[in-house]
$ cat structure.cif   # mmCIF, C-alpha atoms
data_my_file
#
loop_
_atom_site.label_atom_id
_atom_site.label_comp_id
_atom_site.auth_asym_id
_atom_site.auth_seq_id
_atom_site.Cartn_x
_atom_site.Cartn_y
_atom_site.Cartn_z
CA MET H 1 127.12 -20.63 18.84
CA ASN H 2 123.80 -19.62 20.37
CA ALA H 3 120.88 -18.04 18.52
CA LYS H 4 121.78 -14.55 19.65
CA ASP H 5 125.35 -14.89 18.30
CA ASN H 6 123.98 -16.35 15.08
CA TRP H 7 121.93 -13.25 14.15
CA ARG H 8 124.87 -11.01 14.93
CA THR H 9 127.05 -12.74 12.33
CA LYS H 10 124.72 -11.46 9.63
CA LEU H 11 125.88 -7.82 9.78
CA ILE H 12 129.21 -6.29 8.76
CA LEU H 13 129.98 -2.58 9.02
CA ALA H 14 132.17 -1.48 6.11
CA SER H 15 133.58 1.52 7.95
CA GLY H 16 136.31 2.28 10.43
CA SER H 17 134.45 5.32 11.76
CA PRO H 18 133.95 5.17 15.54
CA ARG H 19 130.98 7.51 15.10
CA ARG H 20 129.15 5.13 12.77
CA LEU H 21 129.78 2.16 15.05
CA ALA H 22 128.53 4.17 18.05
CA LEU H 23 125.37 5.13 16.15
CA LEU H 24 124.68 1.50 15.24
CA ASN H 25 125.15 0.51 18.87
CA GLN H 26 122.81 3.33 19.92
CA ALA H 27 120.15 1.71 17.73
CA GLY H 28 120.77 -1.69 19.33
CA LEU H 29 122.72 -3.05 16.34
CA GLU H 30 126.00 -4.83 16.97
CA PRO H 31 127.90 -5.83 13.82
CA ALA H 32 129.76 -9.12 13.94
CA ALA H 33 132.71 -7.52 12.15
CA VAL H 34 134.04 -4.12 11.16
CA MET H 35 135.71 -4.11 7.75
CA PRO H 36 136.89 -0.64 6.68
CA ALA H 37 136.98 -0.45 2.89
CA GLU H 38 140.04 1.19 1.41
CA ILE H 39 138.95 2.96 -1.77
CA ASP H 40 139.93 6.11 -3.64
CA GLU H 41 137.57 8.82 -2.39
CA THR H 42 138.69 11.49 -4.86
CA PRO H 43 135.67 13.18 -6.46
CA GLY H 44 135.37 12.82 -10.21
CA ARG H 45 135.65 15.86 -12.42
CA LEU H 46 132.40 17.84 -12.11
CA GLU H 47 130.94 15.11 -9.86
CA ARG H 48 128.11 16.45 -7.74
CA PRO H 49 128.06 16.00 -3.95
CA ARG H 50 125.03 13.72 -3.87
CA THR H 51 126.44 11.56 -6.67
CA LEU H 52 129.77 11.27 -4.86
CA ALA H 53 128.18 10.18 -1.57
CA THR H 54 126.10 7.52 -3.34
CA ARG H 55 129.00 6.21 -5.40
CA LEU H 56 131.46 5.97 -2.53
CA ALA H 57 128.97 4.18 -0.27
CA ARG H 58 128.32 1.62 -2.99
CA GLU H 59 132.03 1.10 -3.70
CA LYS H 60 132.78 0.65 0.01
CA ALA H 61 129.99 -1.92 0.37
CA GLU H 62 131.13 -3.87 -2.66
CA ALA H 63 134.78 -3.84 -1.55
CA ALA H 64 133.89 -5.10 1.94
CA ARG H 65 131.61 -7.79 0.51
CA LYS H 66 134.49 -9.19 -1.54
CA VAL H 67 136.60 -9.45 1.61
CA ALA H 68 133.73 -10.99 3.59
CA GLU H 69 133.12 -13.66 0.97
CA ARG H 70 136.65 -15.02 1.47
CA ASP H 71 135.85 -16.10 5.02
CA GLU H 72 133.26 -18.77 5.79
CA ALA H 73 132.34 -16.97 9.02
CA THR H 74 131.27 -13.80 7.19
CA ALA H 75 130.27 -15.06 3.74
CA GLY H 76 126.66 -14.22 2.95
CA ALA H 77 126.42 -11.50 5.57
CA PHE H 78 124.62 -8.18 5.28
CA VAL H 79 127.23 -5.52 4.50
CA LEU H 80 126.47 -1.92 5.44
CA ALA H 81 128.49 1.04 4.16
CA ALA H 82 128.07 4.82 4.21
CA ASP H 83 129.82 7.95 3.03
CA THR H 84 129.16 11.50 4.16
CA VAL H 85 129.79 14.58 2.02
CA VAL H 86 129.54 18.20 3.14
CA ALA H 87 128.86 20.74 0.40
CA VAL H 88 128.20 24.40 -0.19
CA GLY H 89 126.26 24.50 -3.42
CA ARG H 90 128.12 22.12 -5.73
CA ARG H 91 131.40 22.65 -3.92
CA ILE H 92 132.49 19.53 -2.06
CA LEU H 93 134.39 20.24 1.15
CA PRO H 94 137.30 17.96 2.07
CA LYS H 95 137.80 15.64 5.01
CA THR H 96 140.27 17.96 6.66
CA GLU H 97 143.69 16.74 7.73
CA LEU H 98 145.53 20.09 7.82
CA VAL H 99 144.65 23.07 9.99
CA ASP H 100 144.64 25.39 6.98
CA GLU H 101 142.06 23.17 5.28
CA ALA H 102 139.86 23.19 8.37
CA ALA H 103 140.15 26.96 8.73
CA ALA H 104 139.16 27.48 5.08
CA CYS H 105 136.12 25.20 5.48
CA LEU H 106 134.94 26.89 8.66
CA ARG H 107 135.30 30.38 7.18
CA LEU H 108 133.22 29.24 4.22
CA LEU H 109 130.53 27.76 6.47
CA SER H 110 130.44 30.76 8.82
CA GLY H 111 127.08 32.53 8.81
CA ARG H 112 125.61 30.49 5.98
CA ALA H 113 123.74 27.29 5.15
CA HIS H 114 125.28 24.11 3.78
CA ARG H 115 124.12 20.59 3.01
CA VAL H 116 125.25 17.25 4.35
CA TYR H 117 124.67 14.18 2.20
CA THR H 118 125.12 10.60 3.35
CA GLY H 119 124.93 7.75 0.91
CA VAL H 120 124.01 4.40 2.49
CA ALA H 121 124.52 1.08 0.70
CA LEU H 122 123.44 -2.34 1.95
CA VAL H 123 124.57 -5.57 0.28
CA THR H 124 122.08 -8.32 1.13
CA PRO H 125 122.88 -12.02 1.58
CA ARG H 126 121.41 -12.53 -1.90
CA GLY H 127 124.01 -10.15 -3.35
CA SER H 128 121.62 -7.33 -4.26
CA ILE H 129 122.38 -3.73 -3.29
CA ARG H 130 119.87 -1.44 -1.61
CA GLU H 131 120.71 2.27 -1.46
CA ARG H 132 119.53 5.48 0.14
CA LEU H 133 120.71 9.08 -0.07
CA VAL H 134 119.88 11.36 2.86
CA GLU H 135 120.19 15.15 2.81
CA THR H 136 120.27 17.48 5.81
CA ARG H 137 120.47 21.27 5.70
CA VAL H 138 122.56 22.97 8.37
CA ARG H 139 123.06 26.66 9.08
CA PHE H 140 126.01 27.95 11.11
CA LYS H 141 126.14 31.14 13.11
CA ARG H 142 128.69 33.73 12.08
CA LEU H 143 131.91 32.49 13.65
CA SER H 144 134.00 34.97 15.59
CA LYS H 145 137.79 34.91 15.57
CA ASP H 146 137.69 33.34 19.04
CA ASP H 147 135.26 30.66 17.83
CA LEU H 148 137.52 29.81 14.94
CA ASP H 149 140.83 29.94 16.81
CA HIS H 150 139.66 27.85 19.74
CA TYR H 151 137.91 25.27 17.59
CA LEU H 152 140.99 24.83 15.44
CA ALA H 153 143.09 24.50 18.60
CA SER H 154 140.81 21.70 19.84
CA GLY H 155 141.82 19.42 16.97
CA GLU H 156 138.27 18.09 16.76
CA TRP H 157 138.12 18.97 13.05
CA ARG H 158 140.78 16.42 12.07
CA GLY H 159 139.50 13.89 9.55
CA LYS H 160 136.00 15.38 9.54
CA ALA H 161 134.11 16.21 6.35
CA GLY H 162 133.76 19.98 6.16
CA GLY H 163 136.14 20.44 9.08
CA TYR H 164 133.68 19.94 11.94
CA ALA H 165 131.90 17.36 14.09
CA ILE H 166 128.33 18.32 14.95
CA GLN H 167 128.24 15.88 17.89
CA GLY H 168 131.12 17.73 19.53
CA LEU H 169 132.06 21.33 20.18
CA ALA H 170 130.80 22.50 16.78
CA GLY H 171 127.26 21.67 17.84
CA SER H 172 127.27 25.13 19.40
CA PHE H 173 127.74 26.67 15.95
CA VAL H 174 124.44 25.32 14.59
CA VAL H 175 121.64 27.87 14.30
CA LYS H 176 119.24 25.64 12.36
CA LEU H 177 119.08 22.05 11.16
CA ILE H 178 116.50 20.65 8.77
CA GLY H 179 116.50 16.87 8.39
CA SER H 180 118.28 14.02 10.12
CA TYR H 181 120.75 14.85 12.90
CA THR H 182 122.31 11.36 12.79
CA ASN H 183 122.88 11.89 9.07
CA VAL H 184 125.20 14.79 9.90
CA VAL H 185 127.03 12.65 12.47
CA GLY H 186 127.61 10.09 9.71
CA LEU H 187 124.86 7.45 9.62
CA PRO H 188 121.12 8.20 9.22
CA LEU H 189 119.58 5.69 11.62
CA TYR H 190 116.00 5.91 10.34
CA GLU H 191 117.03 4.95 6.81
CA VAL H 192 119.48 2.28 7.99
CA GLY H 193 116.81 0.66 10.14
CA ASN H 194 114.34 0.68 7.25
CA LEU H 195 116.87 -0.84 4.85
CA LEU H 196 117.81 -3.64 7.23
CA GLY H 197 114.27 -4.33 8.38
CA GLY H 198 112.99 -4.36 4.80
CA GLU H 199 115.46 -7.12 3.98
CA GLY H 200 114.50 -9.27 6.96
CA TYR H 201 117.27 -8.33 9.39
CA PRO H 202 115.97 -8.46 13.00
CA VAL H 203 116.63 -4.83 13.88
CA HIS H 204 114.84 -5.02 17.25
CA LEU H 205 116.43 -8.18 18.64
CA GLY H 206 119.29 -6.22 20.20
CA TRP H 207 116.74 -4.17 22.14
CA LEU H 208 115.96 -7.12 24.40
CA ASN H 209 117.31 -6.86 27.96
CA ARG H 210 118.87 -3.44 27.36
CA VAL H 211 119.32 -1.50 30.58
#
$ encode --input "structure.cif" --output "structure tokens"
Amino acid sequence: MNAKDNWRTKLILASGSPRRLALLNQAGLEPAAVMPAEIDETPGRLERPRTLATRLAREKAEAARKVAERDEATAGAFVLAADTVVAVGRRILPKTELVDEAAACLRLLSGRAHRVYTGVALVTPRGSIRERLVETRVRFKRLSKDDLDHYLASGEWRGKAGGYAIQGLAGSFVVKLIGSYTNVVGLPLYEVGNLLGGEGYPVHLGWLNRV
């Protein structure tokens, strides 16, 4: 194993989200392994959106770390996890799997502001956990019937928190955004880079020889 491969083995992404992996790659970070953490994501009774995002990110990181520790190749690695929650006030919107759910979310978001929270948790090789919570405010235009019908027909909403993906067709719905765009996509790159760099991970090494 050469030196370049060696530094890559230090990072595990505890998420099966293609969007989060693509964002890491955009920042020049290539995890050695992807370990989606299967946990119960049901909000607790009266649990607030920001608390939920933080808790789920931590639980995902801890679950993936336990799996990583069973394999000599990944034991002692950095483990990065995130969870994104879309909310209107204290109301947490679901990750939509049914068209009726997506339609209800989009009607609620139409013409108004909402907040997107992403909790980020990093388990270090020493076993400590570093955390961040990032908030972005997003305002949608008032959606017409055609907007709604055609977006639902696209299927892009499936599995997305709040029933939309800002990096896709729904980007045309956004009137105003205050905060981190990558946070709304699913992984706030500024905060992730700071967490990793602060713990000694070579965040810029993957920038070498990029075309």
$ resolve_selection --input "structure.cif" --expression "the PyMOL selection byres ((chain H and resi 132-138) around 8)" --output "list in words"
Arg50, Ala53, Thr54, Ala113, His114, Arg115, Val116, Tyr117, Thr118, Gly119, Val120, Ala121, Arg130, Glu131, Arg139, Phe140, Val174, Val175, Lys176, Leu177, Ile178, Gly179, Ser180, Tyr181, Asn183, Val184, Pro188 and Glu191 of chain H
$ residues_around --input "structure.cif" --residues "Gly186 in chain H" --least-positions-apart "3" --cutoff "9 Å" --atoms "all atoms listed in the file" --output "ChimeraX atom specification"
/H:17,19-20,23,82-84,118,181-183
$ atom_distance --input "structure.cif" --atom1 "CA of Ala33 in chain H" --atom2 "CA of Thr74 in chain H"
8.1 Å
$ atom_distance --input "structure.cif" --atom1 "CA of Phe173 in chain H" --atom2 "CA of Ala57 in chain H"
27.8 Å
$ resolve_selection --input "structure.cif" --expression "the PyMOL selection byres ((chain H and resi 40) around 10)" --output "PDB file with C-alpha atoms, in the coordinates of the input"
ATOM      1  CA  ALA H  37     136.980  -0.450   2.890  1.00  0.00           C
ATOM      2  CA  GLU H  38     140.040   1.190   1.410  1.00  0.00           C
ATOM      3  CA  ILE H  39     138.950   2.960  -1.770  1.00  0.00           C
ATOM      4  CA  GLU H  41     137.570   8.820  -2.390  1.00  0.00           C
ATOM      5  CA  THR H  42     138.690  11.490  -4.860  1.00  0.00           C
ATOM      6  CA  PRO H  43     135.670  13.180  -6.460  1.00  0.00           C
ATOM      7  CA  LEU H  56     131.460   5.970  -2.530  1.00  0.00           C
ATOM      8  CA  GLU H  59     132.030   1.100  -3.700  1.00  0.00           C
ATOM      9  CA  LYS H  60     132.780   0.650   0.010  1.00  0.00           C
TER      10      LYS H  60
END
$ atom_distance --input "structure.cif" --atom1 "CA of Pro31 in chain H" --atom2 "CA of Asn194 in chain H"
16.4 Å
$ closest_atom_pairs --input "structure.cif" --of "range 31-115 of chain H" --to "range 156-164 of chain H" --cutoff "12 Å" --atoms "all atoms listed in the file" --output "tab-separated table"
residue	atom	partner	partner_atom	distance
H:Glu41	CA	H:Ala161	CA	12.0
H:Pro49	CA	H:Ala161	CA	11.9
H:Ala53	CA	H:Ala161	CA	11.6
H:Asp83	CA	H:Ala161	CA	9.9
H:Thr84	CA	H:Ala161	CA	7.2
H:Val85	CA	H:Ala161	CA	6.3
H:Val86	CA	H:Gly162	CA	5.5
H:Ala87	CA	H:Gly162	CA	7.6
H:Val88	CA	H:Gly162	CA	9.5
H:Arg91	CA	H:Gly162	CA	10.7
H:Ile92	CA	H:Gly162	CA	8.3
H:Leu93	CA	H:Gly162	CA	5.1
H:Pro94	CA	H:Ala161	CA	5.6
H:Lys95	CA	H:Ala161	CA	4.0
H:Thr96	CA	H:Gly159	CA	5.1
H:Glu97	CA	H:Arg158	CA	5.2
H:Leu98	CA	H:Arg158	CA	7.4
H:Val99	CA	H:Arg158	CA	8.0
H:Asp100	CA	H:Gly163	CA	10.1
H:Glu101	CA	H:Gly163	CA	7.5
H:Ala102	CA	H:Gly163	CA	4.7
H:Ala103	CA	H:Gly163	CA	7.7
H:Ala104	CA	H:Gly163	CA	8.6
H:Cys105	CA	H:Gly162	CA	5.8
H:Leu106	CA	H:Gly163	CA	6.6
H:Arg107	CA	H:Gly163	CA	10.2
H:Leu108	CA	H:Gly162	CA	9.5
H:Leu109	CA	H:Gly162	CA	8.4
H:Ser110	CA	H:Gly162	CA	11.6
H:His114	CA	H:Gly162	CA	9.7
H:Arg115	CA	H:Gly162	CA	10.2
$ closest_residue --input "structure.cif" --among "H:Ala61, H:Ser15, H:Val185, H:Thr124" --to "Gly171 in chain H" --atoms "only C-alpha atoms"
H:Val185
$ residues_around --input "structure.cif" --residues "Ala75 in chain H" --least-positions-apart "5" --cutoff "12 Å" --atoms "all atoms listed in the file" --output "list in words"
Thr9, Lys10, Leu11, Ile12, Ala32, Ala33, Ala64, Arg65, Lys66, Val67, Ala68, Glu69, Arg70, Val123, Thr124, Pro125, Arg126 and Gly127 of chain H
$ write_last_selection --input "structure.cif" --atoms "C-alpha atoms" --output "PDB file, in the coordinates of the input"
ATOM      1  CA  THR H   9     127.050 -12.740  12.330  1.00  0.00           C
ATOM      2  CA  LYS H  10     124.720 -11.460   9.630  1.00  0.00           C
ATOM      3  CA  LEU H  11     125.880  -7.820   9.780  1.00  0.00           C
ATOM      4  CA  ILE H  12     129.210  -6.290   8.760  1.00  0.00           C
ATOM      5  CA  ALA H  32     129.760  -9.120  13.940  1.00  0.00           C
ATOM      6  CA  ALA H  33     132.710  -7.520  12.150  1.00  0.00           C
ATOM      7  CA  ALA H  64     133.890  -5.100   1.940  1.00  0.00           C
ATOM      8  CA  ARG H  65     131.610  -7.790   0.510  1.00  0.00           C
ATOM      9  CA  LYS H  66     134.490  -9.190  -1.540  1.00  0.00           C
ATOM     10  CA  VAL H  67     136.600  -9.450   1.610  1.00  0.00           C
ATOM     11  CA  ALA H  68     133.730 -10.990   3.590  1.00  0.00           C
ATOM     12  CA  GLU H  69     133.120 -13.660   0.970  1.00  0.00           C
ATOM     13  CA  ARG H  70     136.650 -15.020   1.470  1.00  0.00           C
ATOM     14  CA  VAL H 123     124.570  -5.570   0.280  1.00  0.00           C
ATOM     15  CA  THR H 124     122.080  -8.320   1.130  1.00  0.00           C
ATOM     16  CA  PRO H 125     122.880 -12.020   1.580  1.00  0.00           C
ATOM     17  CA  ARG H 126     121.410 -12.530  -1.900  1.00  0.00           C
ATOM     18  CA  GLY H 127     124.010 -10.150  -3.350  1.00  0.00           C
TER      19      GLY H 127
END
$ decode --input "structure.cif" --residues "range 36-69 of chain H" --atoms "N, CA and C atoms" --output "mmCIF file, in the first residue's frame"
data_model
loop_
_atom_site.group_PDB
_atom_site.id
_atom_site.type_symbol
_atom_site.label_atom_id
_atom_site.label_comp_id
_atom_site.auth_asym_id
_atom_site.auth_seq_id
_atom_site.Cartn_x
_atom_site.Cartn_y
_atom_site.Cartn_z
ATOM 1 N N PRO H 36 -23.224 2.576 5.230
ATOM 2 C CA PRO H 36 -24.520 3.126 5.645
ATOM 3 C C PRO H 36 -24.933 2.546 6.994
ATOM 4 N N ALA H 37 -25.366 3.412 7.884
ATOM 5 C CA ALA H 37 -25.779 2.977 9.223
ATOM 6 C C ALA H 37 -27.293 2.821 9.259
ATOM 7 N N GLU H 38 -27.744 1.640 9.598
ATOM 8 C CA GLU H 38 -29.176 1.378 9.690
ATOM 9 C C GLU H 38 -29.647 1.662 11.111
ATOM 10 N N ILE H 39 -30.338 2.774 11.292
ATOM 11 C CA ILE H 39 -30.863 3.137 12.604
ATOM 12 C C ILE H 39 -32.326 3.559 12.448
ATOM 13 N N ASP H 40 -33.026 3.605 13.559
ATOM 14 C CA ASP H 40 -34.402 4.086 13.561
ATOM 15 C C ASP H 40 -34.371 5.611 13.524
ATOM 16 N N GLU H 41 -34.927 6.182 12.458
ATOM 17 C CA GLU H 41 -34.893 7.641 12.301
ATOM 18 C C GLU H 41 -36.187 8.317 12.739
ATOM 19 N N THR H 42 -37.033 7.601 13.447
ATOM 20 C CA THR H 42 -38.301 8.167 13.905
ATOM 21 C C THR H 42 -38.049 9.278 14.928
ATOM 22 N N PRO H 43 -38.606 10.460 14.723
ATOM 23 C CA PRO H 43 -38.427 11.525 15.716
ATOM 24 C C PRO H 43 -39.073 11.146 17.048
ATOM 25 N N GLY H 44 -38.438 11.581 18.125
ATOM 26 C CA GLY H 44 -39.027 11.370 19.437
ATOM 27 C C GLY H 44 -40.214 12.305 19.646
ATOM 28 N N ARG H 45 -41.046 11.962 20.592
ATOM 29 C CA ARG H 45 -42.201 12.803 20.888
ATOM 30 C C ARG H 45 -41.736 14.195 21.311
ATOM 31 N N LEU H 46 -42.221 15.203 20.624
ATOM 32 C CA LEU H 46 -41.887 16.610 20.859
ATOM 33 C C LEU H 46 -40.421 16.946 20.553
ATOM 34 N N GLU H 47 -39.707 16.040 19.880
ATOM 35 C CA GLU H 47 -38.310 16.313 19.545
ATOM 36 C C GLU H 47 -38.224 17.428 18.500
ATOM 37 N N ARG H 48 -37.355 18.367 18.726
ATOM 38 C CA ARG H 48 -37.210 19.499 17.819
ATOM 39 C C ARG H 48 -36.336 19.116 16.621
ATOM 40 N N PRO H 49 -36.526 19.812 15.494
ATOM 41 C CA PRO H 49 -35.766 19.465 14.284
ATOM 42 C C PRO H 49 -34.255 19.469 14.479
ATOM 43 N N ARG H 50 -33.735 20.497 15.115
ATOM 44 C CA ARG H 50 -32.286 20.592 15.280
ATOM 45 C C ARG H 50 -31.765 19.491 16.202
ATOM 46 N N THR H 51 -32.548 19.133 17.212
ATOM 47 C CA THR H 51 -32.147 18.051 18.114
ATOM 48 C C THR H 51 -32.145 16.718 17.384
ATOM 49 N N LEU H 52 -33.145 16.510 16.538
ATOM 50 C CA LEU H 52 -33.230 15.271 15.767
ATOM 51 C C LEU H 52 -32.036 15.116 14.830
ATOM 52 N N ALA H 53 -31.697 16.168 14.092
ATOM 53 C CA ALA H 53 -30.575 16.091 13.155
ATOM 54 C C ALA H 53 -29.277 15.764 13.875
ATOM 55 N N THR H 54 -29.058 16.385 15.022
ATOM 56 C CA THR H 54 -27.841 16.141 15.800
ATOM 57 C C THR H 54 -27.807 14.714 16.327
ATOM 58 N N ARG H 55 -28.923 14.263 16.871
ATOM 59 C CA ARG H 55 -28.978 12.918 17.457
ATOM 60 C C ARG H 55 -28.766 11.835 16.405
ATOM 61 N N LEU H 56 -29.442 11.964 15.269
ATOM 62 C CA LEU H 56 -29.333 10.928 14.245
ATOM 63 C C LEU H 56 -27.930 10.868 13.646
ATOM 64 N N ALA H 57 -27.296 12.014 13.458
ATOM 65 C CA ALA H 57 -25.923 12.012 12.947
ATOM 66 C C ALA H 57 -24.996 11.291 13.911
ATOM 67 N N ARG H 58 -25.153 11.562 15.199
ATOM 68 C CA ARG H 58 -24.313 10.911 16.204
ATOM 69 C C ARG H 58 -24.551 9.403 16.233
ATOM 70 N N GLU H 59 -25.826 8.995 16.191
ATOM 71 C CA GLU H 59 -26.137 7.568 16.234
ATOM 72 C C GLU H 59 -25.617 6.844 14.998
ATOM 73 N N LYS H 60 -25.691 7.490 13.837
ATOM 74 C CA LYS H 60 -25.153 6.886 12.614
ATOM 75 C C LYS H 60 -23.639 6.714 12.717
ATOM 76 N N ALA H 61 -22.952 7.738 13.223
ATOM 77 C CA ALA H 61 -21.498 7.667 13.353
ATOM 78 C C ALA H 61 -21.088 6.558 14.316
ATOM 79 N N GLU H 62 -21.786 6.464 15.436
ATOM 80 C CA GLU H 62 -21.443 5.447 16.423
ATOM 81 C C GLU H 62 -21.727 4.040 15.897
ATOM 82 N N ALA H 63 -22.826 3.876 15.168
ATOM 83 C CA ALA H 63 -23.160 2.567 14.603
ATOM 84 C C ALA H 63 -22.123 2.140 13.575
ATOM 85 N N ALA H 64 -21.701 3.061 12.712
ATOM 86 C CA ALA H 64 -20.695 2.731 11.697
ATOM 87 C C ALA H 64 -19.339 2.445 12.332
ATOM 88 N N ARG H 65 -19.008 3.173 13.392
ATOM 89 C CA ARG H 65 -17.727 2.934 14.070
ATOM 90 C C ARG H 65 -17.660 1.518 14.619
ATOM 91 N N LYS H 66 -18.766 1.044 15.184
ATOM 92 C CA LYS H 66 -18.782 -0.315 15.731
ATOM 93 C C LYS H 66 -18.513 -1.356 14.649
ATOM 94 N N VAL H 67 -19.096 -1.123 13.462
ATOM 95 C CA VAL H 67 -18.849 -2.029 12.337
ATOM 96 C C VAL H 67 -17.397 -1.928 11.886
ATOM 97 N N ALA H 68 -16.876 -0.714 11.793
ATOM 98 C CA ALA H 68 -15.507 -0.500 11.330
ATOM 99 C C ALA H 68 -14.482 -1.150 12.252
ATOM 100 N N GLU H 69 -14.755 -1.141 13.543
ATOM 101 C CA GLU H 69 -13.809 -1.689 14.504
ATOM 102 C C GLU H 69 -13.666 -3.209 14.395
#
